[in-house]
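Structure file protein-v6.cif; described as mmCIF, C-alpha atoms.
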data_entry
loop_
_atom_site.label_atom_id
_atom_site.label_comp_id
_atom_site.auth_asym_id
_atom_site.auth_seq_id
_atom_site.Cartn_x
_atom_site.Cartn_y
_atom_site.Cartn_z
CA MET A 250 8.00 -27.10 17.65
CA ASN A 251 9.17 -30.46 16.43
CA LEU A 252 12.43 -32.39 16.82
CA TYR A 253 13.48 -31.88 13.19
CA ALA A 254 13.19 -28.09 13.44
CA HIS A 255 15.35 -28.21 16.58
CA GLY A 256 18.00 -30.34 14.87
CA LEU A 257 17.30 -33.16 17.35
CA LEU A 258 16.06 -35.87 14.97
CA ASP A 259 19.31 -37.86 15.03
CA GLN A 260 19.99 -37.17 18.72
CA PRO A 261 18.99 -39.70 21.43
CA ILE A 262 15.56 -38.08 21.97
CA GLY A 263 14.86 -38.13 18.23
CA LEU A 264 15.96 -41.74 17.88
CA LEU A 265 13.77 -42.72 20.83
CA MET A 266 10.69 -40.98 19.43
CA ALA A 267 11.35 -42.43 15.95
CA LEU A 268 11.43 -45.87 17.59
CA VAL A 269 8.05 -45.13 19.21
CA VAL A 270 6.60 -43.95 15.87
CA GLY A 271 7.98 -47.11 14.25
CA LEU A 272 6.23 -49.28 16.87
CA GLY A 273 2.91 -47.74 15.86
CA PHE A 274 3.74 -48.01 12.16
CA GLY A 275 4.61 -51.71 12.39
CA PHE A 276 1.62 -52.45 14.61
CA TRP A 277 -0.94 -50.95 12.22
CA LEU A 278 0.67 -52.51 9.14
CA GLU A 279 0.49 -55.94 10.79
CA ARG A 280 -3.11 -55.41 12.01
CA ALA A 281 -4.10 -54.52 8.43
CA GLY A 282 -2.70 -57.86 7.24
CA PHE A 283 0.41 -56.41 5.61
CA GLY A 284 2.69 -59.01 7.17
CA SER A 285 1.46 -61.19 4.28
CA SER A 286 2.80 -60.78 0.74
CA ARG A 287 -0.19 -62.62 -0.75
CA LYS A 288 -2.53 -60.15 0.94
CA LEU A 289 -0.43 -57.22 -0.32
CA THR A 290 -0.28 -58.42 -3.93
CA ALA A 291 -3.97 -59.44 -4.08
CA ILE A 292 -4.85 -55.88 -5.17
CA PHE A 293 -3.00 -56.46 -8.46
CA TYR A 294 -5.41 -59.35 -9.21
CA LEU A 295 -8.43 -57.28 -8.09
CA ARG A 296 -9.15 -59.76 -5.24
CA ASP A 297 -8.60 -57.60 -2.19
CA PHE A 298 -8.21 -53.82 -2.15
CA ALA A 299 -6.95 -53.62 1.45
CA VAL A 300 -3.78 -51.89 0.23
CA LEU A 301 -5.80 -49.09 -1.37
CA LYS A 302 -8.23 -48.85 1.55
CA VAL A 303 -5.50 -48.66 4.19
CA MET A 304 -3.21 -46.32 2.24
CA PHE A 305 -5.94 -43.89 1.23
CA SER A 306 -7.53 -43.81 4.71
CA ALA A 307 -4.13 -43.19 6.27
CA MET A 308 -3.21 -40.46 3.77
CA ALA A 309 -6.57 -38.69 4.08
CA THR A 310 -6.58 -38.92 7.91
CA ALA A 311 -3.09 -37.44 8.16
CA ALA A 312 -3.68 -34.84 5.41
CA VAL A 313 -6.91 -33.48 6.95
CA GLY A 314 -5.37 -33.74 10.44
CA LEU A 315 -2.28 -31.77 9.43
CA GLN A 316 -4.36 -29.02 7.79
CA LEU A 317 -6.64 -28.82 10.85
CA LEU A 318 -3.71 -28.61 13.27
CA ALA A 319 -2.08 -25.97 11.05
CA ALA A 320 -5.31 -23.91 10.90
CA LEU A 321 -5.55 -24.06 14.70
CA GLY A 322 -1.94 -22.92 14.99
CA TYR A 323 -0.60 -26.13 16.55
CA VAL A 324 1.62 -27.12 13.62
CA ASP A 325 3.77 -24.98 11.33
CA LEU A 326 3.70 -26.89 8.03
CA ALA A 327 6.74 -24.95 6.79
CA ALA A 328 8.78 -26.34 9.72
CA LEU A 329 8.25 -29.99 8.67
CA PHE A 330 10.72 -32.07 6.70
CA VAL A 331 9.23 -33.09 3.36
CA PRO A 332 11.34 -34.66 0.60
CA PRO A 333 11.51 -32.32 -2.41
CA SER A 334 9.23 -33.05 -5.38
CA ILE A 335 11.46 -33.92 -8.36
CA VAL A 336 9.03 -35.34 -10.86
CA TRP A 337 11.20 -37.32 -13.33
CA PRO A 338 13.39 -39.34 -10.96
CA GLN A 339 10.29 -39.94 -8.82
CA ALA A 340 8.37 -41.25 -11.85
CA VAL A 341 11.24 -43.57 -12.86
CA GLY A 342 11.82 -44.58 -9.24
CA GLY A 343 8.11 -45.31 -8.86
CA LEU A 344 8.09 -47.52 -11.96
CA LEU A 345 11.12 -49.54 -10.79
CA PHE A 346 9.63 -49.73 -7.31
CA GLY A 347 6.27 -50.97 -8.60
CA LEU A 348 7.92 -53.79 -10.57
CA GLY A 349 9.81 -54.76 -7.42
CA PHE A 350 6.64 -54.54 -5.31
CA VAL A 351 4.60 -57.06 -7.35
CA ALA A 352 7.55 -59.38 -8.15
CA GLY A 353 8.98 -59.30 -4.62
CA GLY A 354 5.66 -59.13 -2.81
CA TRP A 355 6.72 -56.46 -0.32
CA CYS A 356 7.68 -52.86 0.10
CA PRO A 357 10.40 -51.90 2.59
CA GLY A 358 8.12 -51.17 5.59
CA THR A 359 5.86 -54.18 5.10
CA ALA A 360 8.92 -56.41 4.57
CA ALA A 361 10.12 -55.45 8.07
CA VAL A 362 6.68 -56.54 9.36
CA GLY A 363 6.91 -59.69 7.20
CA VAL A 364 10.22 -60.65 8.82
CA ALA A 365 8.57 -60.00 12.20
CA SER A 366 5.78 -62.39 11.13
CA GLY A 367 8.27 -65.15 10.31
CA LYS A 368 8.28 -64.78 6.50
CA PHE A 369 11.62 -65.87 5.04
CA ASP A 370 10.78 -64.27 1.68
CA ALA A 371 10.53 -60.90 3.45
CA LEU A 372 14.08 -61.30 4.76
CA VAL A 373 15.31 -62.11 1.23
CA PHE A 374 13.40 -59.08 -0.11
CA LEU A 375 15.14 -56.83 2.44
CA LEU A 376 18.51 -58.28 1.42
CA GLY A 377 17.63 -57.45 -2.19
CA ALA A 378 16.52 -53.94 -1.20
CA GLY A 379 19.89 -53.37 0.49
CA LEU A 380 21.71 -54.58 -2.63
CA GLY A 381 19.51 -52.38 -4.83
CA SER A 382 20.33 -49.36 -2.64
CA ILE A 383 24.05 -50.02 -3.05
CA ALA A 384 23.57 -50.54 -6.81
CA PHE A 385 22.28 -46.97 -6.95
CA ALA A 386 25.78 -45.84 -5.94
CA GLY A 387 27.01 -47.39 -9.20
CA VAL A 388 24.55 -45.53 -11.45
CA GLN A 389 24.31 -42.25 -9.51
CA PRO A 390 27.52 -40.69 -10.98
CA GLN A 391 26.21 -41.37 -14.52
CA LEU A 392 22.79 -39.81 -13.95
CA GLY A 393 24.07 -36.24 -13.97
CA GLY A 394 21.24 -33.72 -14.08
CA PHE A 395 18.49 -36.34 -14.33
CA LEU A 396 18.15 -36.54 -10.55
CA GLN A 397 17.07 -32.86 -10.59
CA ALA A 398 14.86 -33.14 -13.69
CA GLY A 399 11.40 -31.71 -13.06
CA ALA A 400 12.27 -30.26 -9.65
CA CYS A 401 9.26 -28.34 -8.31
CA ALA A 402 9.92 -24.95 -6.71
CA VAL A 403 6.73 -25.59 -4.70
CA GLY A 404 6.15 -29.22 -3.76
CA ALA A 405 2.55 -28.99 -2.52
CA LEU A 406 0.10 -29.68 -5.33
CA PRO A 407 -2.72 -27.45 -3.94
CA GLU A 408 -0.32 -24.51 -3.78
CA GLN A 409 0.75 -25.16 -7.39
CA LEU A 410 -2.91 -25.15 -8.40
CA GLY A 411 -3.73 -22.07 -6.34
CA VAL A 412 -6.09 -23.74 -3.88
CA SER A 413 -5.76 -23.84 -0.10
CA GLY A 414 -4.10 -26.77 1.66
CA MET A 415 -7.35 -27.58 3.48
CA ASN A 416 -9.28 -27.75 0.20
CA GLY A 417 -6.50 -29.97 -1.18
CA ALA A 418 -6.81 -32.31 1.81
CA LEU A 419 -10.61 -32.42 1.48
CA ALA A 420 -10.23 -33.19 -2.24
CA LEU A 421 -7.89 -36.08 -1.34
CA LEU A 422 -10.51 -37.31 1.15
CA ALA A 423 -13.22 -37.11 -1.54
CA VAL A 424 -11.07 -39.05 -4.03
CA ALA A 425 -10.39 -41.65 -1.32
CA LEU A 426 -14.11 -42.08 -0.53
CA VAL A 427 -14.99 -42.50 -4.21
CA SER A 428 -12.15 -45.04 -4.63
CA PHE A 429 -13.52 -47.06 -1.67
CA VAL A 430 -16.92 -47.39 -3.35
CA VAL A 431 -15.34 -48.36 -6.68
CA ALA A 432 -12.94 -50.83 -4.98
CA GLY A 433 -15.87 -52.51 -3.22
CA LYS A 434 -17.72 -52.95 -6.51
CA VAL A 435 -14.62 -54.33 -8.30
CA GLU A 436 -13.96 -56.80 -5.45
CA THR A 437 -17.54 -58.10 -5.65
CA TRP A 438 -17.32 -58.36 -9.45
CA ALA A 439 -13.96 -60.20 -9.38
CA GLN A 440 -15.14 -62.63 -6.69
CA ARG A 441 -18.38 -63.40 -8.52
CA ARG A 442 -16.45 -63.95 -11.77
CA SER A 443 -14.05 -66.46 -10.20
CA ALA A 444 -16.77 -68.26 -8.21
CA MET B 148 -5.14 -70.09 15.75
CA ALA B 149 -4.57 -66.84 13.92
CA ARG B 150 -7.14 -64.12 14.55
CA PRO B 151 -8.64 -62.21 11.61
CA TYR B 152 -7.07 -58.98 10.42
CA TRP B 153 -8.64 -55.73 11.51
CA ASN B 154 -10.97 -53.72 9.31
CA PRO B 155 -8.82 -51.95 6.67
CA TYR B 156 -10.44 -48.56 7.27
CA LEU B 157 -9.82 -48.84 11.03
CA ALA B 158 -6.19 -49.87 10.40
CA GLY B 159 -5.86 -47.05 7.85
CA VAL B 160 -7.11 -44.39 10.27
CA GLY B 161 -4.78 -45.80 12.96
CA LEU B 162 -1.88 -45.65 10.52
CA GLY B 163 -2.89 -42.11 9.57
CA LEU B 164 -2.90 -41.01 13.22
CA THR B 165 0.58 -42.57 13.62
CA LEU B 166 1.71 -40.59 10.57
CA LEU B 167 0.16 -37.42 12.01
CA PHE B 168 1.92 -38.06 15.34
CA SER B 169 5.18 -38.53 13.43
CA TYR B 170 4.82 -35.16 11.68
CA VAL B 171 3.85 -33.33 14.88
CA VAL B 172 6.52 -34.82 17.17
CA LEU B 173 9.40 -35.72 14.84
CA GLY B 174 8.65 -33.01 12.27
CA ALA B 175 9.00 -35.67 9.57
CA GLY B 176 6.81 -38.43 8.19
CA LEU B 177 7.26 -42.18 8.08
CA GLY B 178 10.12 -43.88 6.23
CA ALA B 179 11.48 -47.38 5.71
CA SER B 180 13.81 -47.48 2.71
CA GLY B 181 16.08 -44.82 4.22
CA GLY B 182 16.83 -47.10 7.16
CA ILE B 183 17.52 -50.07 4.87
CA THR B 184 19.89 -47.96 2.72
CA ARG B 185 21.83 -46.88 5.82
CA VAL B 186 22.15 -50.44 7.10
CA ALA B 187 23.29 -51.53 3.61
CA ALA B 188 25.81 -48.66 3.39
CA THR B 189 27.23 -49.71 6.77
CA ALA B 190 27.55 -53.32 5.59
CA ALA B 191 29.17 -52.20 2.31
CA HIS B 192 31.65 -50.10 4.27
CA ALA B 193 32.58 -53.10 6.42
CA VAL B 194 33.23 -55.20 3.30
CA ALA B 195 34.79 -52.64 0.95
CA PRO B 196 35.73 -49.43 2.82
CA ALA B 197 37.82 -48.00 -0.02
CA ALA B 198 35.06 -48.42 -2.61
CA VAL B 199 32.55 -46.71 -0.29
CA ALA B 200 34.96 -43.84 0.43
CA GLY B 201 35.55 -43.45 -3.31
CA ASN B 202 31.85 -43.04 -4.13
CA SER B 203 30.63 -39.56 -3.24
CA TRP B 204 27.00 -40.66 -2.80
CA LEU B 205 27.82 -43.55 -0.43
CA ALA B 206 30.55 -41.59 1.36
CA GLY B 207 27.94 -38.92 2.13
CA PHE B 208 26.22 -41.28 4.58
CA PHE B 209 29.40 -41.34 6.68
CA ALA B 210 29.90 -37.55 6.79
CA ASP B 211 28.45 -37.28 10.32
CA GLY B 212 29.81 -40.56 11.71
CA SER B 213 27.89 -43.83 11.50
CA PRO B 214 24.90 -43.94 9.11
CA LEU B 215 23.14 -46.02 11.78
CA ALA B 216 22.77 -43.02 14.12
CA HIS B 217 19.81 -41.83 12.06
CA TYR B 218 16.14 -41.57 13.00
CA LEU B 219 15.06 -43.75 10.06
CA VAL B 220 17.20 -46.65 11.33
CA ALA B 221 15.49 -46.31 14.73
CA MET B 222 12.10 -46.17 13.00
CA LEU B 223 12.88 -49.34 11.03
CA LEU B 224 13.76 -51.15 14.28
CA GLY B 225 10.50 -49.89 15.77
CA THR B 226 8.53 -51.05 12.73
CA PHE B 227 9.97 -54.55 13.13
CA ALA B 228 9.22 -54.57 16.87
CA GLY B 229 5.68 -53.23 16.39
CA GLY B 230 5.00 -55.86 13.75
CA LEU B 231 6.39 -58.60 15.99
CA LEU B 232 4.22 -57.54 18.95
CA SER B 233 1.10 -57.43 16.80
CA ALA B 234 1.82 -60.72 14.98
CA ARG B 235 2.54 -62.53 18.27
CA ALA B 236 -0.54 -61.10 20.02
CA ALA B 237 -2.77 -62.20 17.12
CA GLY B 238 -1.22 -65.67 16.84
CA ARG B 239 -0.02 -64.89 13.32
CA PHE B 240 3.71 -65.51 13.74
CA ALA B 241 4.65 -68.53 11.59
CA LEU B 242 7.86 -69.45 9.77
CA ALA B 243 7.09 -69.69 6.07
CA VAL B 244 8.06 -68.87 2.49
CA GLU B 245 4.76 -67.30 1.53
CA ARG B 246 3.62 -68.01 -2.04
CA GLY B 247 0.74 -69.14 -4.22
CA PRO B 248 -0.38 -72.81 -4.06
CA THR B 249 1.55 -73.83 -7.21
CA ALA B 250 4.64 -71.61 -6.90
CA PRO B 251 7.98 -73.31 -6.11
CA ALA B 252 9.76 -71.88 -3.03
CA GLY B 253 13.01 -71.39 -4.99
CA LEU B 254 11.27 -69.25 -7.61
CA ARG B 255 9.52 -67.27 -4.90
CA LEU B 256 12.80 -66.48 -3.14
CA LEU B 257 14.55 -65.58 -6.41
CA LEU B 258 11.75 -63.13 -7.26
CA ALA B 259 11.82 -61.78 -3.69
CA LEU B 260 15.53 -61.00 -4.12
CA ALA B 261 15.11 -59.47 -7.59
CA GLY B 262 11.99 -57.55 -6.54
CA GLY B 263 13.75 -56.27 -3.45
CA ALA B 264 16.66 -55.06 -5.58
CA LEU B 265 14.33 -53.21 -7.98
CA ALA B 266 12.39 -51.67 -5.08
CA GLY B 267 15.62 -50.67 -3.31
CA LEU B 268 17.01 -49.09 -6.48
CA GLY B 269 13.72 -47.35 -7.29
CA ALA B 270 13.42 -45.96 -3.77
CA ARG B 271 16.81 -44.25 -4.17
CA PHE B 272 15.84 -42.72 -7.53
CA ALA B 273 12.69 -41.39 -5.86
CA SER B 274 14.23 -40.49 -2.47
CA GLY B 275 11.63 -42.61 -0.73
CA CYS B 276 9.28 -45.56 -0.92
CA THR B 277 5.62 -46.30 -0.22
CA SER B 278 6.19 -44.90 3.30
CA GLY B 279 8.24 -41.79 2.60
CA GLN B 280 6.83 -40.80 -0.79
CA ALA B 281 3.35 -42.31 -1.06
CA LEU B 282 2.05 -42.08 2.54
CA SER B 283 4.10 -39.20 3.97
CA GLY B 284 4.39 -37.21 0.74
CA GLY B 285 0.71 -37.81 -0.01
CA ALA B 286 -0.35 -36.62 3.45
CA MET B 287 1.52 -33.36 2.77
CA LEU B 288 -0.17 -33.28 -0.69
CA GLN B 289 3.21 -33.35 -2.46
CA THR B 290 3.31 -33.57 -6.25
CA GLY B 291 6.31 -35.92 -6.12
CA GLY B 292 4.50 -38.27 -3.75
CA PHE B 293 1.50 -38.52 -6.07
CA VAL B 294 3.74 -39.06 -9.13
CA PHE B 295 5.63 -41.82 -7.31
CA THR B 296 2.41 -43.52 -6.17
CA GLY B 297 0.85 -43.41 -9.65
CA ALA B 298 3.99 -44.77 -11.34
CA CYS B 299 4.38 -47.49 -8.71
CA PHE B 300 0.85 -48.86 -9.07
CA ALA B 301 0.88 -48.54 -12.89
CA ALA B 302 4.07 -50.62 -13.13
CA ALA B 303 2.85 -53.18 -10.59
CA PHE B 304 -0.49 -53.70 -12.35
CA ALA B 305 1.36 -54.02 -15.70
CA LEU B 306 3.75 -56.71 -14.46
CA ALA B 307 1.16 -58.57 -12.34
CA PRO B 308 -0.14 -60.93 -15.08
CA LEU B 309 3.42 -62.18 -15.73
CA VAL B 310 4.02 -63.14 -12.08
CA ARG B 311 0.48 -64.39 -11.42
CA LYS B 312 1.69 -67.95 -10.71
CA GLU B 313 3.80 -66.64 -7.84
CA TRP B 314 0.68 -65.48 -5.98
CA ARG B 315 -2.62 -67.02 -7.13
#

Would you write the structure of this file as structure tokens?
Amino acid sequence: MNLYAHGLLDQPIGLLMALVVGLGFGFWLERAGFGSSRKLTAIFYLRDFAVLKVMFSAMATAAVGLQLLAALGYVDLAALFVPPSIVWPQAVGGLLFGLGFVAGGWCPGTAAVGVASGKFDALVFLLGAGLGSIAFAGVQPQLGGFLQAGACAVGALPEQLGVSGMNGALALLAVALVSFVVAGKVETWAQRRSA
Amino acid sequence: MARPYWNPYLAGVGLGLTLLFSYVVLGAGLGASGGITRVAATAAHAVAPAAVAGNSWLAGFFADGSPLAHYLVAMLLGTFAGGLLSARAAGRFALAVERGPTAPAGLRLLLALAGGALAGLGARFASGCTSGQALSGGAMLQTGGFVFTGACFAAAFALAPLVRKEWR
């Protein structure tokens, strides 16, 4: 059983374990090179697909791992906290976020690692992200039902499609592996073109 | 001298195992924007307590006491500390305004502020960012996580040519 299911996430033990998880999160982001905004944004100019490689490997590792642990009875997937799938606000939020990502050069987690790497632009990005969060308070009362538009009764895509979670995770892994091959070819092509 | 970054697939698997550990132990995935929002809400409350109390969304963060007593704030602190340890160990810590060779620092910082604001606003529309929606939602095969990720990369690729000078 996990800390969330026991209501302990915001208690001292939960805060301590979240700090430990954060240490790992920040470490791997930095090792991947994500304490650099030029490295992060290089994907949008087809120069370096590290963002895709790292994100897809992480997603597929965790997805297959979670399904394996669930099949073995070690994890109850229904007892985990997962933010609800609400398609329309998540599409609009994703669009706004993507504009901010390429213009600002960071996302929230990598900006924390950027500050830790000495990048002043990361600190300014975080200040902006705080202001943007507060700006949401100004628009939220006007949004009405939009924030619930396209709410999914079932969030998991495999379940919506009638396939097992494990098959869904393996499909994600397959898509990831194909994307790695394609990314490698595009990188080679873009480098040869600019050489 | 800064050491080279690690192989992206190795770093990705390491990040994935951290995410798996987070789900198993915390019962929740990774998150970053939630911590930033709570720090910002605390700062807003210090500056304009009446305005915060008068906004039901912002006031909600104070329902159980301080918004800072939240696991995502602790995770954000950990993320900073983990990044600092790694950057120091690899000789990569350096004070800088990172930008392309022809980009003025002032423009870079202005776009960092504006980009941060858009990302912060977007993360609240979506109830999460690249950590909470893309990575953690994706690992749980969530429709919303995939929609967020697709929209995020589509918008970023579309805007990229216009801000090329900032980076290349």

Task: Among the residues B:Leu242, B:Ala305, B:Ser180, B:Met222, the one that comes closest to Ala266 in chain B [using all atoms listed in the file] - done: B:Ser180

Open item on the list: If the PyMOL selection byres ((chain A and resi 364-366) around 8) were run on this exact file, what residues would it hold? Put them as a ChimeraX atom specification.
Closed with: /A:284,360-363,367-369,371-372 /B:227-228,230-231,234-235,239-242

Written selection (C-alpha atoms) as an mmCIF file, in the coordinates of the input:
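For reference, out.cif as written:
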data_model
loop_
_atom_site.group_PDB
_atom_site.id
_atom_site.type_symbol
_atom_site.label_atom_id
_atom_site.label_comp_id
_atom_site.auth_asym_id
_atom_site.auth_seq_id
_atom_site.Cartn_x
_atom_site.Cartn_y
_atom_site.Cartn_z
ATOM 1 C CA GLY A 284 2.690 -59.010 7.170
ATOM 2 C CA ALA A 360 8.920 -56.410 4.570
ATOM 3 C CA ALA A 361 10.120 -55.450 8.070
ATOM 4 C CA VAL A 362 6.680 -56.540 9.360
ATOM 5 C CA GLY A 363 6.910 -59.690 7.200
ATOM 6 C CA GLY A 367 8.270 -65.150 10.310
ATOM 7 C CA LYS A 368 8.280 -64.780 6.500
ATOM 8 C CA PHE A 369 11.620 -65.870 5.040
ATOM 9 C CA ALA A 371 10.530 -60.900 3.450
ATOM 10 C CA LEU A 372 14.080 -61.300 4.760
ATOM 11 C CA PHE B 227 9.970 -54.550 13.130
ATOM 12 C CA ALA B 228 9.220 -54.570 16.870
ATOM 13 C CA GLY B 230 5.000 -55.860 13.750
ATOM 14 C CA LEU B 231 6.390 -58.600 15.990
ATOM 15 C CA ALA B 234 1.820 -60.720 14.980
ATOM 16 C CA ARG B 235 2.540 -62.530 18.270
ATOM 17 C CA ARG B 239 -0.020 -64.890 13.320
ATOM 18 C CA PHE B 240 3.710 -65.510 13.740
ATOM 19 C CA ALA B 241 4.650 -68.530 11.590
ATOM 20 C CA LEU B 242 7.860 -69.450 9.770
#

Open item on the list: Excluding Gly247 in chain B and its own-chain neighbours fewer than 6 positions away, which residues fall within 12 Å of it when counting all atoms listed in the file? Please give them as a PyMOL selection string.
Closed with: (chain A and resi 285-288+290-291+354) or (chain B and resi 254-255+310-315)

- [ ] Tell me, in Å to one decimal, how far CA of Gly433 in chain A is from CA of Gly159 in chain B.
- [x] 15.9 Å

Task: Point (11.1, -37.4, -5.9) neighbourhood (9 Å, all atoms listed in the file) written as a PyMOL selection string - done: (chain A and resi 332-340+342-343+396-397+400) or (chain B and resi 272-275+280+290-292+294-295)

Open item on the list: If we count only C-alpha atoms and set the cut-off at 10 Å, which residues sit around Ala384 in chain A, ignoring sequence neighbours fewer than 2 positions away in its own chain? Please answer as JSON, numbers by chain.
Closed with: {"A": [378, 379, 380, 381, 382, 386, 387, 388, 389], "B": [264, 265, 267, 268, 271]}

TODO: Rounded to one decimal place, report the CA of Ala286 in chain B-CA of Leu315 in chain A distance in Å.
DONE: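 Separating CA of Ala286 in chain B from CA of Leu315 in chain A is a distance of 7.9 Å.
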
Open item on the list: Rounded to one decimal, what separation in Å do you get between CA of Pro248 in chain B and CA of Trp153 in chain B?
Closed with: 24.5 Å

TODO: Please write as a list in words the list of polymer residues whose atoms come within 10 Å of (-7.3, -60.4, -8.4), counting all atoms listed in the file and keeping to the coordinates of the file.
DONE: Thr290, Ala291, Ile292, Phe293, Tyr294, Leu295, Arg296, Asp297, Phe298, Val435, Glu436, Ala439, Gln440 and Ser443 of chain A; Ala307, Pro308, Arg311, Trp314 and Arg315 of chain B

TODO: Considering all atoms listed in the file, return as a list in words whatever protein or nucleic-acid residues lie within 8 Å of range 185-191 of chain B, sequence-local ones (same chain, fewer than 3 positions apart) excluded.
DONE: Gly379, Leu380, Ser382 and Ile383 of chain A; Gly181, Gly182, Val194, Ala195, Pro196, Val199, Leu205, Phe208, Ser213, Pro214, Leu215 and Val220 of chain B

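The residues caught by the PyMOL selection byres ((chain A and resi 313) around 8) in this file are Ala309, Thr310, Ala311, Ala312, Gly314, Leu315, Gln316, Leu317, Met415, Ala418, Leu419 and Leu422 of chain A.
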